[in-house]
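So this one's my_file-v4.csv, CSV, C-alpha atoms:
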chain,number,residue,atom,x,y,z
Q,1,MET,CA,114.8,104.0,96.5
Q,2,VAL,CA,116.4,100.6,95.7
Q,3,PRO,CA,114.6,97.9,97.8
Q,4,LEU,CA,116.8,95.7,100.1
Q,5,TRP,CA,116.0,92.5,101.9
Q,6,ARG,CA,118.2,90.9,104.5
Q,7,GLY,CA,117.7,87.2,105.3
Q,8,GLU,CA,119.2,83.8,105.7
Q,9,PHE,CA,119.1,80.8,103.3
Q,10,SER,CA,121.2,78.1,101.8
Q,11,LEU,CA,122.8,78.2,98.4
Q,12,SER,CA,123.0,75.0,96.5
Q,13,PRO,CA,126.4,73.3,97.0
Q,14,SER,CA,128.7,72.5,94.1
Q,15,ARG,CA,128.9,68.9,95.3
Q,16,ARG,CA,125.9,66.7,96.3
Q,17,ASP,CA,127.8,65.3,99.3
Q,18,ARG,CA,128.5,68.8,100.7
Q,19,PRO,CA,126.0,69.9,103.3
Q,20,LEU,CA,123.9,73.0,102.9
Q,21,THR,CA,124.9,75.7,105.3
Q,22,PRO,CA,122.9,78.8,106.2
Q,23,THR,CA,124.2,82.0,104.7
Q,24,GLN,CA,123.5,85.6,105.8
Q,25,VAL,CA,122.5,87.4,102.6
Q,26,VAL,CA,121.1,90.7,101.3
Q,27,LEU,CA,118.8,91.0,98.3
Q,28,SER,CA,119.0,94.2,96.2
Q,29,SER,CA,117.6,95.5,93.0
Q,30,SER,CA,119.4,97.8,90.6
Q,31,SER,CA,118.7,100.5,88.0
Q,32,ASP,CA,119.6,97.8,85.4
Q,33,LEU,CA,116.3,96.0,86.5
Q,34,SER,CA,118.1,93.0,88.0
Q,35,VAL,CA,117.8,91.4,91.4
Q,36,ARG,CA,121.0,90.4,93.1
Q,37,ILE,CA,122.0,88.3,96.1
Q,38,TRP,CA,125.0,89.5,98.2
Q,39,GLY,CA,126.8,87.7,101.0
Q,40,ALA,CA,126.3,89.9,104.0
Q,41,LYS,CA,129.8,89.0,105.4
Q,42,ASP,CA,132.0,88.9,102.3
Q,43,GLY,CA,130.1,91.1,99.8
Q,44,ILE,CA,130.2,88.4,97.1
Q,45,ASN,CA,127.4,88.4,94.5
Q,46,PRO,CA,126.8,84.7,93.6
Q,47,ARG,CA,123.5,85.2,91.9
Q,48,THR,CA,121.9,87.8,89.6
Q,49,PHE,CA,118.3,87.5,88.3
Q,50,LYS,CA,117.2,89.4,85.2
Q,51,GLY,CA,113.8,89.6,83.5
Q,52,HIS,CA,111.8,92.6,84.9
Q,53,THR,CA,111.2,95.4,82.4
Q,54,ARG,CA,110.6,98.2,84.8
Q,55,ALA,CA,111.8,99.1,88.3
Q,56,VAL,CA,111.8,96.4,91.0
Q,57,THR,CA,109.8,97.7,94.0
Q,58,ALA,CA,109.7,94.8,96.5
Q,59,LEU,CA,111.7,91.7,97.3
Q,60,GLY,CA,111.3,88.6,99.5
Q,61,ILE,CA,113.0,85.4,100.6
Q,62,ILE,CA,110.7,82.4,100.5
Q,63,GLY,CA,110.9,79.7,103.2
Q,64,VAL,CA,114.5,78.5,103.7
Q,65,GLY,CA,115.6,80.5,100.7
Q,66,LYS,CA,115.7,78.1,97.8
Q,67,GLN,CA,113.4,80.7,96.1
Q,68,ILE,CA,113.1,84.4,96.1
Q,69,ALA,CA,110.3,86.7,94.9
Q,70,SER,CA,110.4,90.1,93.3
Q,71,ALA,CA,107.7,92.6,92.4
Q,72,SER,CA,107.9,95.3,89.8
Q,73,LEU,CA,106.2,98.3,88.1
Q,74,ASP,CA,106.1,96.1,85.0
Q,75,GLY,CA,102.9,94.5,86.5
Q,76,THR,CA,104.4,91.2,87.6
Q,77,VAL,CA,105.5,89.3,90.7
Q,78,ARG,CA,108.2,86.8,89.8
Q,79,VAL,CA,109.6,83.8,91.6
Q,80,TRP,CA,113.2,82.8,91.1
Q,81,ASP,CA,114.9,79.5,91.8
Q,82,VAL,CA,118.2,80.3,93.5
Q,83,GLY,CA,119.9,77.1,92.6
Q,84,GLN,CA,118.9,77.1,88.9
Q,85,ASN,CA,119.3,80.9,88.7
Q,86,LYS,CA,116.1,81.3,86.7
Q,87,GLU,CA,112.5,82.5,86.8
Q,88,ILE,CA,110.1,79.6,87.7
Q,89,ARG,CA,106.8,81.4,88.3
Q,90,ARG,CA,105.0,84.6,87.4
Q,91,PHE,CA,101.9,86.4,88.7
Q,92,GLU,CA,100.5,89.0,86.2
Q,93,LEU,CA,98.4,91.8,87.5
Q,94,GLU,CA,95.2,92.9,85.9
Q,95,LYS,CA,95.7,95.7,83.4
Q,96,LYS,CA,99.5,95.4,84.0
Q,97,ALA,CA,99.1,97.6,87.1
Q,98,GLY,CA,102.5,98.4,88.6
Q,99,VAL,CA,103.2,96.7,91.9
Q,100,GLN,CA,104.2,99.2,94.6
Q,101,GLU,CA,104.4,96.6,97.5
Q,102,MET,CA,104.3,92.8,97.8
Q,103,ILE,CA,103.6,90.6,100.8
Q,104,LEU,CA,103.6,86.8,101.0
Q,105,VAL,CA,101.1,85.4,103.5
Q,106,ASP,CA,101.2,81.8,104.7
Q,107,GLU,CA,99.3,81.7,108.0
Q,108,PRO,CA,96.3,79.2,107.9
Q,109,ARG,CA,93.7,81.6,109.2
Q,110,PRO,CA,94.1,84.4,106.7
Q,111,LEU,CA,94.5,81.8,103.9
Q,112,ALA,CA,91.1,80.3,104.8
Q,113,ALA,CA,89.5,83.7,105.1
Q,114,LEU,CA,90.8,84.6,101.6
Q,115,GLY,CA,89.4,81.4,100.1
Q,116,ALA,CA,92.8,79.8,99.8
Q,117,GLU,CA,92.6,77.0,102.4
Q,118,GLY,CA,95.2,74.3,101.6
Q,119,GLU,CA,97.4,76.7,99.7
Q,120,GLU,CA,101.0,77.0,100.7
Q,121,ARG,CA,100.7,80.8,100.6
Q,122,VAL,CA,99.1,83.7,98.8
Q,123,VAL,CA,100.7,86.8,97.1
Q,124,LEU,CA,99.4,90.2,98.1
Q,125,ALA,CA,100.3,92.6,95.3
Q,126,GLY,CA,99.6,96.3,96.2
Q,127,THR,CA,99.2,98.8,93.4
Q,128,GLN,CA,98.6,102.6,93.7
Q,129,SER,CA,94.9,102.1,93.4
Q,130,GLY,CA,94.2,98.7,95.0
Q,131,LEU,CA,95.1,95.2,96.1
Q,132,GLN,CA,95.2,92.0,94.0
Q,133,VAL,CA,95.6,88.6,95.8
Q,134,PHE,CA,96.9,85.5,94.0
Q,135,LYS,CA,97.0,81.8,94.8
Q,136,TRP,CA,100.5,80.4,95.0
Q,137,SER,CA,99.8,77.1,93.3
Q,138,ASP,CA,98.3,78.2,90.1
Q,139,GLY,CA,98.5,82.0,90.0
Q,140,ASP,CA,94.7,82.5,90.0
Q,141,ARG,CA,93.5,85.9,91.2
Q,142,ILE,CA,91.2,85.2,94.1
Q,143,ALA,CA,90.5,88.8,95.4
Q,144,SER,CA,90.7,92.3,94.2
Q,145,VAL,CA,89.8,95.5,96.1
Q,146,GLU,CA,90.1,99.2,95.5
Q,147,TRP,CA,91.7,101.2,98.4
Q,148,GLY,CA,88.9,103.7,98.4
Q,149,VAL,CA,90.7,106.4,100.4
Q,150,GLY,CA,90.9,109.1,97.6
Q,151,ALA,CA,94.7,108.9,97.1
Q,152,ASN,CA,97.4,106.6,95.8
Q,153,MET,CA,99.0,103.9,98.1
Q,154,VAL,CA,102.7,104.3,98.7
Q,155,SER,CA,103.5,101.9,101.6
Q,156,MET,CA,102.1,98.7,102.9
Q,157,ALA,CA,102.7,96.4,105.9
Q,158,TYR,CA,101.2,93.2,107.3
Q,159,SER,CA,100.8,91.9,110.9
Q,160,PRO,CA,100.7,88.1,111.0
Q,161,GLN,CA,99.8,88.4,114.7
Q,162,HIS,CA,96.5,90.2,113.9
Q,163,GLY,CA,96.0,89.2,110.2
Q,164,LEU,CA,96.0,93.0,109.7
Q,165,LEU,CA,97.0,94.9,106.5
Q,166,ALA,CA,98.1,98.5,106.8
Q,167,THR,CA,98.4,100.8,103.8
Q,168,GLY,CA,99.8,104.4,103.7
Q,169,HIS,CA,98.6,106.9,101.1
Q,170,THR,CA,99.7,110.2,99.6
Q,171,ASN,CA,97.0,112.2,101.4
Q,172,GLY,CA,98.3,111.1,104.8
Q,173,VAL,CA,95.7,108.4,105.4
Q,174,ILE,CA,96.6,105.1,107.0
Q,175,ALA,CA,94.0,102.4,106.3
Q,176,LEU,CA,93.8,99.2,108.4
Q,177,ARG,CA,92.0,96.1,107.1
Q,178,MET,CA,91.5,92.6,108.4
Q,179,LEU,CA,92.3,90.1,105.7
Q,180,GLU,CA,89.0,88.4,106.7
Q,181,SER,CA,87.1,91.5,105.5
Q,182,LEU,CA,89.2,93.4,103.0
Q,183,GLU,CA,86.3,95.8,102.1
Q,184,GLY,CA,86.0,97.1,105.6
Q,185,LYS,CA,88.7,99.5,106.9
Q,186,THR,CA,89.7,101.7,109.8
Q,187,MET,CA,91.2,105.0,108.6
Q,188,ILE,CA,93.4,107.4,110.6
Q,189,ARG,CA,95.5,110.4,109.6
Q,190,ARG,CA,98.3,112.2,111.6
Q,191,ASN,CA,98.8,114.9,109.0
Q,192,GLU,CA,98.4,115.4,105.2
Q,193,ALA,CA,101.9,114.3,104.2
Q,194,SER,CA,102.5,111.1,102.2
Q,195,VAL,CA,102.9,108.0,104.4
Q,196,TYR,CA,106.2,106.7,103.0
Q,197,SER,CA,106.8,103.8,105.4
Q,198,LEU,CA,104.9,101.4,107.7
Q,199,ARG,CA,106.3,98.6,109.8
Q,200,PHE,CA,104.6,96.4,112.3
Q,201,ASP,CA,106.5,95.6,115.5
Q,202,ARG,CA,104.3,93.1,117.4
Q,203,SER,CA,101.2,95.1,118.5
Q,204,ASP,CA,102.7,98.4,117.4
Q,205,LEU,CA,102.8,100.1,114.0
Q,206,LEU,CA,105.8,102.4,113.1
Q,207,VAL,CA,104.7,105.3,110.8
Q,208,GLY,CA,107.0,107.5,108.8
Q,209,THR,CA,105.8,110.4,106.6
Q,210,ALA,CA,107.2,112.9,104.2
Q,211,ALA,CA,106.7,115.6,106.8
Q,212,GLY,CA,108.7,113.8,109.5
Q,213,LEU,CA,107.2,113.3,113.0
Q,214,PRO,CA,107.6,109.6,112.9
Q,215,ALA,CA,105.5,107.8,115.5
Q,216,ARG,CA,104.8,104.4,117.1
Q,217,LEU,CA,101.1,103.6,117.2
Q,218,SER,CA,99.5,101.0,119.4
Q,219,ILE,CA,97.1,98.6,117.7
Q,220,ARG,CA,94.4,96.6,119.5
Q,221,VAL,CA,92.2,94.2,117.6
Q,222,GLU,CA,88.9,92.8,118.9
Q,223,GLY,CA,87.0,90.8,116.3
Q,224,GLU,CA,86.7,93.2,113.4
Q,225,THR,CA,87.2,96.3,115.5
Q,226,VAL,CA,90.6,98.0,115.3
Q,227,ASP,CA,91.6,100.5,117.9
Q,228,VAL,CA,94.6,102.8,117.3
Q,229,GLY,CA,96.4,104.9,119.9
Q,230,LEU,CA,99.6,107.0,119.9
Q,231,ARG,CA,102.2,105.2,122.0
Q,232,GLU,CA,105.3,107.3,121.2
Q,233,GLU,CA,106.2,110.2,119.0
Q,234,TYR,CA,109.8,110.8,117.9
Q,235,ALA,CA,109.6,114.6,117.9
Q,236,GLY,CA,113.3,115.0,117.4
Q,237,TRP,CA,112.8,114.1,113.7
Q,238,GLU,CA,110.1,116.6,113.0
Q,239,ALA,CA,111.9,118.1,110.0
Q,240,VAL,CA,113.1,114.9,108.4
Q,241,GLY,CA,110.9,112.8,106.1
Q,242,VAL,CA,111.1,109.1,106.8
Q,243,GLU,CA,111.6,107.0,103.7
Q,244,THR,CA,111.7,103.6,105.3
Q,245,TRP,CA,111.6,101.7,108.7
Q,246,ASP,CA,113.0,98.4,109.7
Q,247,VAL,CA,112.6,96.4,113.0
Q,248,SER,CA,115.4,94.4,114.5
Q,249,VAL,CA,114.2,91.0,115.9
Q,250,ASP,CA,117.5,90.3,117.8
Could you show the structure in this file as structure tokens?
Amino acid sequence: MVPLWRGEFSLSPSRRDRPLTPTQVVLSSSSDLSVRIWGAKDGINPRTFKGHTRAVTALGIIGVGKQIASASLDGTVRVWDVGQNKEIRRFELEKKAGVQEMILVDEPRPLAALGAEGEERVVLAGTQSGLQVFKWSDGDRIASVEWGVGANMVSMAYSPQHGLLATGHTNGVIALRMLESLEGKTMIRRNEASVYSLRFDRSDLLVGTAAGLPARLSIRVEGETVDVGLREEYAGWEAVGVETWDVSVD
């Protein structure tokens, strides 16, 4: 599946006296290993970024959009300057482990918990076997943890509200970890099918598996205790595997 990211940012104007205006855009990656920006309204492709040597698995718009980030199975997370149309920063994973999912975290509390107080943000790079965390400023690896659930990770989601990281695995396990204590985890399993997609929606977690039966789970956090309940099950999809979720904020 080709990752997509929809967002809003300002492209550099061709003249300095021309004001920057927000532009609705879509990021996409292609089988040619490139990352592209598309105008959501007109379909124009003003920027293409090339450099990854294997499939691009995750994309993100940074801040107001002067930069974007991409993660790849080539074992790197790369940051691109949109105006200059070039790579300006790179995070390299230990043993060149392929990145399956990437999340950028910039909330003060989890930054402090991860030993990155004062940093602008950190990069969470999820591989099949574990998580590697990098400082934004200098690319230093500040944390590394194995998933420890007996199966590869295939999906990952983050809740800024709770500082909670969720990972889905090929054996049907969903693991929930507070960023303050990455080693500890709460594990649940609805069935033994791969958990292809996870998305947080406020205090709920949307779960999609290869066996269908997507569901909305309620999440309640008290200290380091995470309680999970079934809020809603979308039984009409029981025969359809769910590859991805998204949540509208409108």
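For the pair atom CA of Q:Met153 and atom CA of Q:Gly168, the separation is 5.7 Å.
Minimum atom-to-atom distance to Q:Thr186, evaluated using only C-alpha atoms, belongs to Q:Thr225 out of Q:Thr209, Q:Gly51, Q:Thr225, Q:Asp201.
Of the residues listed (Q:Glu101, Q:Lys185, Q:Phe134, Q:His162), Q:Glu101 shows the shortest atom-to-atom separation from Q:Leu198; distances use only C-alpha atoms.
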What's the 12 Å shell around Q:Ser181, counting only C-alpha atoms, without same-chain residues fewer than 2 positions away, as a PyMOL selection string?
chain Q and resi 110+112-115+143-145+163-165+176-179+183-186+223-225
Just C-alpha atoms for this one: save the residues we selected as a compact mmCIF listing (two decimals), in the frame of the given file.
# COMPACT_ATOMS: atom_id res chain seq x y z
CA PRO Q 110 94.10 84.40 106.70
CA ALA Q 112 91.10 80.30 104.80
CA ALA Q 113 89.50 83.70 105.10
CA LEU Q 114 90.80 84.60 101.60
CA GLY Q 115 89.40 81.40 100.10
CA ALA Q 143 90.50 88.80 95.40
CA SER Q 144 90.70 92.30 94.20
CA VAL Q 145 89.80 95.50 96.10
CA GLY Q 163 96.00 89.20 110.20
CA LEU Q 164 96.00 93.00 109.70
CA LEU Q 165 97.00 94.90 106.50
CA LEU Q 176 93.80 99.20 108.40
CA ARG Q 177 92.00 96.10 107.10
CA MET Q 178 91.50 92.60 108.40
CA LEU Q 179 92.30 90.10 105.70
CA GLU Q 183 86.30 95.80 102.10
CA GLY Q 184 86.00 97.10 105.60
CA LYS Q 185 88.70 99.50 106.90
CA THR Q 186 89.70 101.70 109.80
CA GLY Q 223 87.00 90.80 116.30
CA GLU Q 224 86.70 93.20 113.40
CA THR Q 225 87.20 96.30 115.50
Do a neighbour search on Q:Asp204 at 9 Å with all atoms listed in the file, toss out local chain neighbours closer than 2 positions, and write the hits as a count of residues only.
11
Would you please work out which residue, of Q:Gln100, Q:Gln161, Q:Thr167, Q:Ser31, is nearest to Q:Gly148 when using all atoms listed in the file?
Q:Thr167
Find the residues near stretch 38-49 of chain Q: any atom within 6 Å, counting only C-alpha atoms, skip ones fewer than 4 places away on the same chain, and give them as a PyMOL selection string.
chain Q and resi 24-26+34
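Distance-wise, atom CA of Q:Gln84 and atom CA of Q:Thr57 end up 23.1 Å apart.
If you measure from each of Q:Tyr158, Q:Gly172, Q:Ala211, Q:Asn152 to Q:Glu192 using all atoms listed in the file, the closest one turns out to be Q:Gly172.
Here atom CA of Q:Ser159 and atom CA of Q:Ile62 stand 17.2 Å from one another.
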Residues within 12 Å of Q:Ala193, only C-alpha atoms, excluding chain neighbours under 2 positions, as a PDB file with C-alpha atoms, keeping the file's coordinate frame:
ATOM      1  CA  ALA Q 151      94.700 108.900  97.100  1.00  0.00           C
ATOM      2  CA  VAL Q 154     102.700 104.300  98.700  1.00  0.00           C
ATOM      3  CA  GLY Q 168      99.800 104.400 103.700  1.00  0.00           C
ATOM      4  CA  HIS Q 169      98.600 106.900 101.100  1.00  0.00           C
ATOM      5  CA  THR Q 170      99.700 110.200  99.600  1.00  0.00           C
ATOM      6  CA  ASN Q 171      97.000 112.200 101.400  1.00  0.00           C
ATOM      7  CA  GLY Q 172      98.300 111.100 104.800  1.00  0.00           C
ATOM      8  CA  VAL Q 173      95.700 108.400 105.400  1.00  0.00           C
ATOM      9  CA  ILE Q 174      96.600 105.100 107.000  1.00  0.00           C
ATOM     10  CA  ARG Q 189      95.500 110.400 109.600  1.00  0.00           C
ATOM     11  CA  ARG Q 190      98.300 112.200 111.600  1.00  0.00           C
ATOM     12  CA  ASN Q 191      98.800 114.900 109.000  1.00  0.00           C
ATOM     13  CA  VAL Q 195     102.900 108.000 104.400  1.00  0.00           C
ATOM     14  CA  TYR Q 196     106.200 106.700 103.000  1.00  0.00           C
ATOM     15  CA  SER Q 197     106.800 103.800 105.400  1.00  0.00           C
ATOM     16  CA  VAL Q 207     104.700 105.300 110.800  1.00  0.00           C
ATOM     17  CA  GLY Q 208     107.000 107.500 108.800  1.00  0.00           C
ATOM     18  CA  THR Q 209     105.800 110.400 106.600  1.00  0.00           C
ATOM     19  CA  ALA Q 210     107.200 112.900 104.200  1.00  0.00           C
ATOM     20  CA  ALA Q 211     106.700 115.600 106.800  1.00  0.00           C
ATOM     21  CA  GLY Q 212     108.700 113.800 109.500  1.00  0.00           C
ATOM     22  CA  LEU Q 213     107.200 113.300 113.000  1.00  0.00           C
ATOM     23  CA  PRO Q 214     107.600 109.600 112.900  1.00  0.00           C
ATOM     24  CA  VAL Q 240     113.100 114.900 108.400  1.00  0.00           C
ATOM     25  CA  GLY Q 241     110.900 112.800 106.100  1.00  0.00           C
ATOM     26  CA  VAL Q 242     111.100 109.100 106.800  1.00  0.00           C
TER      27      VAL Q 242
END
Shell around Q:Val105 at 7 Å using all atoms listed in the file, local window under 3 positions removed, as number ranges by chain
Q: 121-123
Written selection (C-alpha atoms) as a CSV table (one decimal), in the frame of the given file:
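Result file selection06.csv:
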chain,number,residue,atom,x,y,z
Q,121,ARG,CA,100.7,80.8,100.6
Q,122,VAL,CA,99.1,83.7,98.8
Q,123,VAL,CA,100.7,86.8,97.1
